[in-house]
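Pasting model24.cif here (mmCIF, C-alpha atoms):
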data_model
#
loop_
_atom_site.group_PDB
_atom_site.id
_atom_site.type_symbol
_atom_site.label_atom_id
_atom_site.label_comp_id
_atom_site.auth_asym_id
_atom_site.auth_seq_id
_atom_site.Cartn_x
_atom_site.Cartn_y
_atom_site.Cartn_z
ATOM 1 C CA MET A 1 31.191 -25.774 -27.108
ATOM 2 C CA SER A 2 30.770 -22.157 -28.154
ATOM 3 C CA SER A 3 33.924 -20.046 -28.230
ATOM 4 C CA ILE A 4 32.545 -16.528 -28.581
ATOM 5 C CA LEU A 5 34.812 -15.391 -25.732
ATOM 6 C CA ALA A 6 37.861 -17.406 -26.794
ATOM 7 C CA GLY A 7 41.033 -15.871 -25.403
ATOM 8 C CA VAL A 8 39.214 -13.130 -23.488
ATOM 9 C CA SER A 9 40.481 -12.735 -19.934
ATOM 10 C CA ALA A 10 37.842 -12.048 -17.276
ATOM 11 C CA ALA A 11 38.329 -11.638 -13.530
ATOM 12 C CA VAL A 12 35.384 -12.520 -11.298
ATOM 13 C CA LEU A 13 35.770 -11.110 -7.807
ATOM 14 C CA GLY A 14 33.688 -12.454 -4.930
ATOM 15 C CA GLY A 15 29.957 -12.942 -5.102
ATOM 16 C CA ASP A 16 27.672 -15.739 -3.966
ATOM 17 C CA ASP A 17 25.934 -18.755 -5.470
ATOM 18 C CA ARG A 18 25.118 -16.762 -8.607
ATOM 19 C CA GLU A 19 28.797 -16.641 -9.493
ATOM 20 C CA LEU A 20 28.975 -20.425 -9.130
ATOM 21 C CA ILE A 21 26.683 -20.547 -12.160
ATOM 22 C CA LEU A 22 28.258 -17.647 -14.064
ATOM 23 C CA VAL A 23 31.938 -18.639 -13.861
ATOM 24 C CA PRO A 24 31.599 -22.093 -15.519
ATOM 25 C CA GLN A 25 29.439 -20.551 -18.236
ATOM 26 C CA LEU A 26 32.132 -17.981 -19.045
ATOM 27 C CA ALA A 27 34.721 -20.751 -19.161
ATOM 28 C CA GLN A 28 32.524 -22.836 -21.482
ATOM 29 C CA LEU A 29 32.319 -19.841 -23.826
ATOM 30 C CA GLY A 30 36.091 -19.857 -24.081
ATOM 31 C CA ALA A 31 37.000 -17.102 -21.640
ATOM 32 C CA ASN A 32 40.154 -17.225 -19.556
ATOM 33 C CA VAL A 33 38.455 -16.894 -16.164
ATOM 34 C CA ARG A 34 40.427 -15.683 -13.157
ATOM 35 C CA VAL A 35 38.677 -15.683 -9.776
ATOM 36 C CA ALA A 36 39.388 -14.330 -6.318
ATOM 37 C CA GLY A 37 37.246 -14.761 -3.233
ATOM 38 C CA ILE A 38 35.510 -17.903 -4.552
ATOM 39 C CA THR A 39 37.196 -20.902 -2.957
ATOM 40 C CA LYS A 40 34.724 -23.259 -4.620
ATOM 41 C CA PHE A 41 36.929 -23.027 -7.733
ATOM 42 C CA ILE A 42 40.205 -24.041 -6.093
ATOM 43 C CA GLY A 43 41.549 -26.921 -8.156
ATOM 44 C CA ASN A 44 39.109 -26.352 -11.032
ATOM 45 C CA ASN A 45 40.912 -27.070 -14.298
ATOM 46 C CA LEU A 46 38.873 -24.520 -16.268
ATOM 47 C CA VAL A 47 39.368 -21.610 -13.858
ATOM 48 C CA GLN A 48 42.422 -19.865 -12.394
ATOM 49 C CA TYR A 49 42.090 -19.209 -8.665
ATOM 50 C CA PHE A 50 44.024 -16.383 -6.960
ATOM 51 C CA GLU A 51 44.316 -15.495 -3.290
ATOM 52 C CA SER A 52 44.782 -11.849 -4.242
ATOM 53 C CA ALA A 53 42.206 -9.766 -6.110
ATOM 54 C CA VAL A 54 45.044 -7.607 -7.439
ATOM 55 C CA GLU A 55 46.618 -10.671 -9.065
ATOM 56 C CA ALA A 56 43.284 -11.819 -10.441
ATOM 57 C CA VAL A 57 42.610 -8.558 -12.310
ATOM 58 C CA SER A 58 46.118 -8.278 -13.729
ATOM 59 C CA GLY A 59 45.781 -8.452 -17.514
ATOM 60 C CA ALA A 60 42.003 -8.998 -17.402
ATOM 61 C CA ARG A 61 39.942 -7.342 -20.140
ATOM 62 C CA PHE A 62 36.872 -7.514 -17.898
ATOM 63 C CA VAL A 63 36.458 -7.304 -14.132
ATOM 64 C CA ILE A 64 33.129 -8.702 -12.948
ATOM 65 C CA LEU A 65 31.902 -7.686 -9.498
ATOM 66 C CA PRO A 66 28.877 -8.973 -7.539
ATOM 67 C CA MET A 67 25.485 -7.395 -8.179
ATOM 68 C CA SER A 68 25.891 -5.432 -4.929
ATOM 69 C CA GLY A 69 29.196 -3.965 -6.134
ATOM 70 C CA ILE A 70 31.416 -2.583 -3.375
ATOM 71 C CA ASP A 71 30.560 -0.682 -0.222
ATOM 72 C CA GLU A 72 31.937 2.742 0.691
ATOM 73 C CA GLN A 73 35.024 1.135 2.229
ATOM 74 C CA GLY A 74 35.714 -0.818 -0.949
ATOM 75 C CA LYS A 75 34.671 -4.190 0.474
ATOM 76 C CA ILE A 76 33.489 -6.784 -2.027
ATOM 77 C CA MET A 77 30.893 -9.289 -0.875
ATOM 78 C CA ALA A 78 32.493 -12.741 -1.084
ATOM 79 C CA ARG A 79 30.422 -15.522 0.452
ATOM 80 C CA TYR A 80 33.048 -18.137 -0.349
ATOM 81 C CA GLY A 81 36.133 -16.054 0.384
ATOM 82 C CA LEU A 82 38.740 -16.973 2.971
ATOM 83 C CA LYS A 83 39.583 -13.370 3.784
ATOM 84 C CA PRO A 84 38.123 -9.889 3.152
ATOM 85 C CA LEU A 85 38.182 -8.823 -0.483
ATOM 86 C CA ARG A 86 38.557 -5.133 -1.342
ATOM 87 C CA PHE A 87 38.463 -2.979 -4.449
ATOM 88 C CA THR A 88 41.392 -0.637 -3.829
ATOM 89 C CA LYS A 89 43.523 1.892 -5.687
ATOM 90 C CA ASP A 90 46.229 -0.766 -5.979
ATOM 91 C CA LEU A 91 43.696 -3.060 -7.634
ATOM 92 C CA ILE A 92 42.476 -0.427 -10.072
ATOM 93 C CA ARG A 93 46.086 0.384 -11.010
ATOM 94 C CA SER A 94 46.604 -3.294 -11.874
ATOM 95 C CA CYS A 95 43.837 -3.181 -14.481
ATOM 96 C CA ILE A 96 44.814 -2.797 -18.138
ATOM 97 C CA ASP A 97 43.904 0.452 -19.891
ATOM 98 C CA ASP A 98 40.971 -0.947 -21.875
ATOM 99 C CA CYS A 99 39.507 -2.912 -18.968
ATOM 100 C CA THR A 100 35.739 -2.769 -18.442
ATOM 101 C CA VAL A 101 34.183 -3.243 -15.005
ATOM 102 C CA ILE A 102 30.800 -4.997 -14.974
ATOM 103 C CA VAL A 103 28.662 -4.670 -11.847
ATOM 104 C CA GLY A 104 25.052 -4.667 -10.713
ATOM 105 C CA PHE A 105 24.991 -1.398 -8.762
ATOM 106 C CA ALA A 106 27.917 1.044 -8.801
ATOM 107 C CA ARG A 107 28.114 3.100 -5.628
ATOM 108 C CA PRO A 108 29.984 6.433 -5.575
ATOM 109 C CA LEU A 109 33.360 4.996 -4.547
ATOM 110 C CA LEU A 110 33.408 2.508 -7.405
ATOM 111 C CA LYS A 111 32.368 5.169 -9.908
ATOM 112 C CA GLN A 112 35.110 7.451 -8.622
ATOM 113 C CA LEU A 113 37.862 4.830 -8.784
ATOM 114 C CA VAL A 114 36.874 3.687 -12.263
ATOM 115 C CA ALA A 115 36.572 7.249 -13.581
ATOM 116 C CA GLU A 116 39.957 8.282 -12.173
ATOM 117 C CA ARG A 117 41.563 5.324 -13.933
ATOM 118 C CA GLY A 118 39.624 5.970 -17.160
ATOM 119 C CA LEU A 119 38.132 2.481 -17.353
ATOM 120 C CA GLY A 120 34.783 1.406 -18.751
ATOM 121 C CA LEU A 121 31.880 0.748 -16.375
ATOM 122 C CA VAL A 122 28.686 -1.167 -17.118
ATOM 123 C CA GLU A 123 25.871 -1.346 -14.546
ATOM 124 C CA ILE A 124 23.463 -4.166 -15.266
ATOM 125 C CA ALA A 125 20.932 -4.037 -12.432
ATOM 126 C CA GLY A 126 18.929 -1.327 -14.174
ATOM 127 C CA MET A 127 18.844 -3.071 -17.545
ATOM 128 C CA ASP A 128 15.351 -4.270 -18.433
ATOM 129 C CA GLU A 129 16.560 -7.763 -19.296
ATOM 130 C CA VAL A 130 18.043 -8.145 -15.828
ATOM 131 C CA ALA A 131 15.595 -6.129 -13.741
ATOM 132 C CA ILE A 132 12.434 -7.657 -15.182
ATOM 133 C CA MET A 133 13.678 -11.233 -14.875
ATOM 134 C CA ASN A 134 15.072 -10.584 -11.376
ATOM 135 C CA SER A 135 11.695 -9.175 -10.335
ATOM 136 C CA ILE A 136 10.328 -12.723 -10.348
ATOM 137 C CA PRO A 137 12.574 -14.201 -7.631
ATOM 138 C CA SER A 138 12.406 -10.873 -5.776
ATOM 139 C CA ALA A 139 8.617 -11.012 -5.663
ATOM 140 C CA GLU A 140 8.529 -14.702 -4.797
ATOM 141 C CA GLY A 141 11.058 -14.133 -2.014
ATOM 142 C CA ALA A 142 9.067 -11.231 -0.596
ATOM 143 C CA LEU A 143 5.912 -13.343 -0.578
ATOM 144 C CA GLN A 144 7.768 -16.188 1.130
ATOM 145 C CA MET A 145 8.999 -13.822 3.841
ATOM 146 C CA ALA A 146 5.487 -12.459 4.372
ATOM 147 C CA MET A 147 4.003 -15.949 4.633
ATOM 148 C CA GLU A 148 6.588 -16.959 7.230
ATOM 149 C CA ALA A 149 6.304 -13.743 9.250
ATOM 150 C CA THR A 150 2.512 -13.502 9.541
ATOM 151 C CA ASP A 151 -0.251 -15.670 10.938
ATOM 152 C CA ILE A 152 -2.675 -14.940 8.112
ATOM 153 C CA THR A 153 -2.942 -16.070 4.512
ATOM 154 C CA ILE A 154 -1.987 -13.847 1.606
ATOM 155 C CA HIS A 155 -5.439 -14.627 0.240
ATOM 156 C CA GLY A 156 -7.889 -12.150 1.712
ATOM 157 C CA SER A 157 -5.205 -9.958 3.268
ATOM 158 C CA ASN A 158 -5.007 -6.228 2.764
ATOM 159 C CA ALA A 159 -1.697 -5.752 0.942
ATOM 160 C CA VAL A 160 -0.079 -2.492 -0.109
ATOM 161 C CA VAL A 161 2.729 -2.231 -2.660
ATOM 162 C CA LEU A 162 4.720 0.977 -2.755
ATOM 163 C CA GLY A 163 6.053 1.603 -6.234
ATOM 164 C CA PHE A 164 5.017 0.258 -9.630
ATOM 165 C CA GLY A 165 8.343 -0.232 -11.338
ATOM 166 C CA ARG A 166 9.517 -3.525 -12.766
ATOM 167 C CA CYS A 167 9.589 -5.234 -9.368
ATOM 168 C CA GLY A 168 6.498 -3.541 -7.967
ATOM 169 C CA LEU A 169 4.412 -4.564 -10.969
ATOM 170 C CA THR A 170 5.439 -8.230 -10.719
ATOM 171 C CA LEU A 171 4.839 -8.323 -6.976
ATOM 172 C CA ALA A 172 1.441 -6.622 -7.234
ATOM 173 C CA ARG A 173 0.312 -9.039 -9.937
ATOM 174 C CA MET A 174 1.361 -12.053 -7.828
ATOM 175 C CA LEU A 175 -0.430 -10.704 -4.756
ATOM 176 C CA SER A 176 -3.606 -10.122 -6.712
ATOM 177 C CA ALA A 177 -3.408 -13.595 -8.248
ATOM 178 C CA LEU A 178 -3.169 -15.086 -4.744
ATOM 179 C CA GLY A 179 -6.346 -13.315 -3.724
ATOM 180 C CA ALA A 180 -4.941 -10.401 -1.731
ATOM 181 C CA LYS A 181 -6.873 -7.133 -1.675
ATOM 182 C CA THR A 182 -4.044 -5.251 -3.327
ATOM 183 C CA SER A 183 -3.479 -1.496 -3.350
ATOM 184 C CA VAL A 184 -0.551 -0.008 -5.244
ATOM 185 C CA ALA A 185 0.968 3.450 -4.820
ATOM 186 C CA ALA A 186 2.454 5.132 -7.894
ATOM 187 C CA ARG A 187 3.238 8.625 -9.146
ATOM 188 C CA LYS A 188 2.606 8.436 -12.892
ATOM 189 C CA ARG A 189 -0.950 8.735 -14.156
ATOM 190 C CA ALA A 190 -0.293 6.000 -16.711
ATOM 191 C CA ASP A 191 0.786 3.645 -13.925
ATOM 192 C CA LEU A 192 -2.293 4.462 -11.870
ATOM 193 C CA ALA A 193 -4.453 3.676 -14.903
ATOM 194 C CA ARG A 194 -2.654 0.363 -15.429
ATOM 195 C CA ILE A 195 -3.094 -0.561 -11.757
ATOM 196 C CA ALA A 196 -6.842 0.028 -12.067
ATOM 197 C CA GLU A 197 -6.946 -1.937 -15.337
ATOM 198 C CA MET A 198 -5.317 -4.884 -13.541
ATOM 199 C CA GLY A 199 -8.138 -4.891 -10.970
ATOM 200 C CA MET A 200 -6.190 -3.371 -8.098
ATOM 201 C CA GLU A 201 -6.675 -0.154 -6.145
ATOM 202 C CA PRO A 202 -4.515 2.702 -7.460
ATOM 203 C CA LEU A 203 -3.152 5.145 -4.881
ATOM 204 C CA ASN A 204 -1.500 8.521 -5.038
ATOM 205 C CA TYR A 205 1.124 8.827 -2.326
ATOM 206 C CA SER A 206 -1.071 11.488 -0.707
ATOM 207 C CA GLN A 207 -3.687 8.761 -0.162
ATOM 208 C CA LEU A 208 -1.343 6.510 1.808
ATOM 209 C CA PRO A 209 -2.333 7.586 5.340
ATOM 210 C CA GLY A 210 -5.882 6.308 4.951
ATOM 211 C CA CYS A 211 -4.858 3.114 3.175
ATOM 212 C CA LEU A 212 -2.082 2.147 5.591
ATOM 213 C CA GLU A 213 -4.487 2.035 8.531
ATOM 214 C CA LYS A 214 -6.043 -1.172 7.192
ATOM 215 C CA ALA A 215 -2.935 -2.789 5.680
ATOM 216 C CA ASP A 216 -1.917 -6.235 6.938
ATOM 217 C CA ILE A 217 1.233 -6.411 4.784
ATOM 218 C CA ILE A 218 3.205 -3.600 3.169
ATOM 219 C CA PHE A 219 5.843 -4.141 0.499
ATOM 220 C CA ASN A 220 8.162 -1.302 -0.427
ATOM 221 C CA THR A 221 10.031 -1.268 -3.744
ATOM 222 C CA VAL A 222 11.001 2.432 -3.773
ATOM 223 C CA PRO A 223 14.716 3.112 -3.063
ATOM 224 C CA PHE A 224 14.193 6.326 -1.101
ATOM 225 C CA LEU A 225 12.350 7.203 2.084
ATOM 226 C CA VAL A 226 8.625 6.641 1.714
ATOM 227 C CA LEU A 227 7.466 5.246 5.030
ATOM 228 C CA ASP A 228 8.576 7.862 7.541
ATOM 229 C CA GLU A 229 7.577 7.919 11.196
ATOM 230 C CA SER A 230 4.366 9.839 10.558
ATOM 231 C CA LEU A 231 3.132 7.198 8.120
ATOM 232 C CA LEU A 232 4.353 4.309 10.250
ATOM 233 C CA ARG A 233 2.190 5.626 13.092
ATOM 234 C CA LYS A 234 -0.820 5.084 10.825
ATOM 235 C CA THR A 235 -0.143 1.348 10.492
ATOM 236 C CA LYS A 236 -1.524 -1.502 12.577
ATOM 237 C CA PRO A 237 0.674 -2.707 15.463
ATOM 238 C CA VAL A 238 0.685 -6.171 13.844
ATOM 239 C CA VAL A 239 1.519 -5.006 10.327
ATOM 240 C CA TYR A 240 4.372 -6.727 8.486
ATOM 241 C CA ILE A 241 6.573 -4.481 6.341
ATOM 242 C CA CYS A 242 8.933 -6.004 3.777
ATOM 243 C CA ASP A 243 11.301 -3.567 2.075
ATOM 244 C CA ILE A 244 12.922 -5.056 -1.031
ATOM 245 C CA ALA A 245 14.366 -1.822 -2.393
ATOM 246 C CA SER A 246 18.123 -1.429 -2.642
ATOM 247 C CA THR A 247 19.919 -0.339 0.539
ATOM 248 C CA PRO A 248 19.054 1.766 2.549
ATOM 249 C CA GLY A 249 15.486 1.053 1.447
ATOM 250 C CA GLY A 250 12.456 3.272 1.810
ATOM 251 C CA VAL A 251 11.453 2.702 5.439
ATOM 252 C CA ASP A 252 12.515 4.573 8.564
ATOM 253 C CA PHE A 253 13.627 1.424 10.364
ATOM 254 C CA LYS A 254 14.595 3.237 13.565
ATOM 255 C CA ALA A 255 11.095 4.670 13.819
ATOM 256 C CA ALA A 256 9.602 1.270 13.008
ATOM 257 C CA ALA A 257 11.573 -0.338 15.836
ATOM 258 C CA LYS A 258 10.535 2.423 18.234
ATOM 259 C CA LEU A 259 6.891 1.878 17.317
ATOM 260 C CA GLY A 260 7.190 -1.903 17.566
ATOM 261 C CA ARG A 261 6.463 -2.517 13.888
ATOM 262 C CA ASN A 262 7.880 -5.630 12.243
ATOM 263 C CA ALA A 263 9.836 -4.068 9.371
ATOM 264 C CA VAL A 264 12.548 -5.915 7.473
ATOM 265 C CA LEU A 265 15.005 -4.718 4.816
ATOM 266 C CA ALA A 266 15.536 -7.515 2.290
ATOM 267 C CA PRO A 267 17.648 -6.422 -0.702
ATOM 268 C CA GLY A 268 19.261 -8.890 -3.084
ATOM 269 C CA LEU A 269 16.521 -11.511 -2.823
ATOM 270 C CA PRO A 270 17.231 -13.168 -6.212
ATOM 271 C CA GLY A 271 20.634 -14.363 -5.005
ATOM 272 C CA LYS A 272 19.157 -15.609 -1.733
ATOM 273 C CA VAL A 273 15.922 -17.339 -2.694
ATOM 274 C CA ALA A 274 16.695 -18.457 -6.261
ATOM 275 C CA PRO A 275 20.460 -18.257 -6.829
ATOM 276 C CA ARG A 276 20.452 -20.709 -9.701
ATOM 277 C CA THR A 277 17.801 -18.759 -11.589
ATOM 278 C CA ALA A 278 19.582 -15.492 -10.822
ATOM 279 C CA GLY A 279 22.902 -16.990 -11.912
ATOM 280 C CA LEU A 280 21.409 -18.152 -15.201
ATOM 281 C CA ILE A 281 20.163 -14.617 -15.828
ATOM 282 C CA LEU A 282 23.697 -13.284 -15.344
ATOM 283 C CA SER A 283 25.045 -16.065 -17.543
ATOM 284 C CA ARG A 284 22.868 -14.855 -20.405
ATOM 285 C CA VAL A 285 23.418 -11.145 -19.981
ATOM 286 C CA ILE A 286 27.093 -10.739 -19.056
ATOM 287 C CA PRO A 287 28.573 -12.651 -22.032
ATOM 288 C CA ASP A 288 26.447 -10.517 -24.375
ATOM 289 C CA ILE A 289 27.795 -7.371 -22.711
ATOM 290 C CA MET A 290 31.352 -8.631 -23.074
ATOM 291 C CA VAL A 291 30.886 -9.392 -26.766
ATOM 292 C CA SER A 292 29.321 -5.967 -27.306
ATOM 293 C CA GLU A 293 32.158 -4.192 -25.499
ATOM 294 C CA LEU A 294 34.751 -6.086 -27.533
ATOM 295 C CA ALA A 295 32.952 -5.159 -30.756
ATOM 296 C CA ASN A 296 32.841 -1.487 -29.749
ATOM 297 C CA THR A 297 36.554 -1.505 -28.965
ATOM 298 C CA SER A 298 37.307 -3.149 -32.316
ATOM 299 C CA SER A 299 35.214 -0.538 -34.139
ATOM 300 C CA LEU A 300 36.991 2.320 -32.382
ATOM 301 C CA SER A 301 40.376 0.838 -33.191
ATOM 302 C CA SER A 302 39.426 0.490 -36.856
ATOM 303 C CA LEU A 303 38.211 4.080 -36.933
ATOM 304 C CA GLU A 304 41.470 5.312 -35.440
ATOM 305 C CA GLU A 305 43.424 3.326 -38.027
ATOM 306 C CA ASP A 306 41.373 4.864 -40.836
ATOM 307 C CA ARG A 307 42.059 8.365 -39.509
ATOM 308 C CA ARG A 308 45.770 7.686 -39.646
#
How does this structure look as structure tokens?
Amino acid sequence: MSSILAGVSAAVLGGDDRELILVPQLAQLGANVRVAGITKFIGNNLVQYFESAVEAVSGARFVILPMSGIDEQGKIMARYGLKPLRFTKDLIRSCIDDCTVIVGFARPLLKQLVAERGLGLVEIAGMDEVAIMNSIPSAEGALQMAMEATDITIHGSNAVVLGFGRCGLTLARMLSALGAKTSVAARKRADLARIAEMGMEPLNYSQLPGCLEKADIIFNTVPFLVLDESLLRKTKPVVYICDIASTPGGVDFKAAAKLGRNAVLAPGLPGKVAPRTAGLILSRVIPDIMVSELANTSSLSSLEEDRR
């Protein structure tokens, strides 16, 4: 058993099936794991379970939150919690001075609370190692949703992907491989060239109105408003729209409902369609971050000693 995290205290607050993979891995690496909001670990000899999140973070060098972080009321998603879990000022005051918070996405409230307390904050959702690997279950989940929601095959369908980032690229490639007539909207000229090189139709966003008229399925990966009411009016009444961007997505869902379009916001697909795979990704990345943060702290302490 590796002990690279021997003696390191880590609090894992809430989460879903991904944390059921992550927590045992941290324990196997030697960490002193303290959990709250995950009743699956009650009675586990390798993990300390706490009813209170404040108690769980007390003395912890690292606080690990779900990929979704906290909402603007401080609520922490906890699928296996017995009661609501919140990230509060009392909780942040219970953290030690050199505590580092690790999270997928940090919304404004979390950033504010962490900054006011002077703690470290690491956001992992945007890291290439996480985002690229998570793009696979995200794309597969989006395709699964489209297959279940439509009465046509992906093969031969007219599919439009909005955005050509890490997730958009993976999704577009899968669609094309399945035989969809795939068009991809992007802003950068290099991305448009790559889309053409991959055998798909490149689109400037100004070209969307004409393309959307023939689309059977539209996938959005852009985390800001792209499909407004004017563009939604261009779509077929039977179009299926799957928005996998982070909340609030890039679709005007009120307008879509008014127009009778089937539009669905589906963030966080890795944890829903392939939680084990997504948990294994976290189990590779988070321990490395912890080791790196510990090394940085050790280097700073040595530098301070030398200055004295």
- Task: Report as a PyMOL selection string the full result of the PyMOL selection byres ((chain A and resi 216) around 8) when it is applied to this structure.
- Result: chain A and resi 157-159+214-215+217-218+236+238-240
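Among A:Arg166, A:Gly37, A:Asp90, A:Asp191, the residue with the shortest atom-to-atom distance to Glu129 in chain A, counting only C-alpha atoms, is A:Arg166.
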- To verify the selection step, state as a PyMOL selection string which residues the PyMOL selection byres ((chain A and resi 210) around 12) yields on this input. chain A and resi 160+183+203-209+211-215+231-236
- Hits of the PyMOL selection byres ((chain A and resi 28) around 12) in this structure, as a ChimeraX atom specification: /A:1-8,21-27,29-33,45-47,283,287
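Across the structure, CA of Ile152 in chain A and CA of Cys242 in chain A are spaced 15.3 Å apart.
The gap separating CA of Phe41 in chain A from CA of Cys95 in chain A is 22.1 Å, in Å to one decimal.
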- Item | Point-to-point distance from CA of Ser58 in chain A to CA of Gly268 in chain A, Å rounded to tenths | 28.9 Å
- Phe50 in chain A environment, 9 Å, all atoms listed in the file, sequence neighbours closer than 3 positions dropped, as a PyMOL selection string: chain A and resi 34-38+42+53-56
Can you tell me, as a short mmCIF file (atom, residue, chain, number, x, y, z; two decimals) with C-alpha atoms, keeping the file's coordinate frame, what residues are no more than 9 Å from Lys40 in chain A when counting all atoms listed in the file, ignoring any on the same chain fewer than 5 positions away?
data_model
loop_
_atom_site.label_atom_id
_atom_site.label_comp_id
_atom_site.auth_asym_id
_atom_site.auth_seq_id
_atom_site.Cartn_x
_atom_site.Cartn_y
_atom_site.Cartn_z
CA LEU A 20 28.98 -20.42 -9.13
CA TYR A 80 33.05 -18.14 -0.35
CA GLY A 81 36.13 -16.05 0.38
#
- Task: Between A:Ser135, A:Thr100, A:Gln144, A:Ser292, single out the one closest to Arg173 in chain A, counting only C-alpha atoms.
- Result: A:Ser135
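Between Met133 in chain A and the candidates A:Lys188, A:Arg284, A:Arg117, A:Arg261, the tightest atom-to-atom separation, counting all atoms listed in the file, involves A:Arg284.
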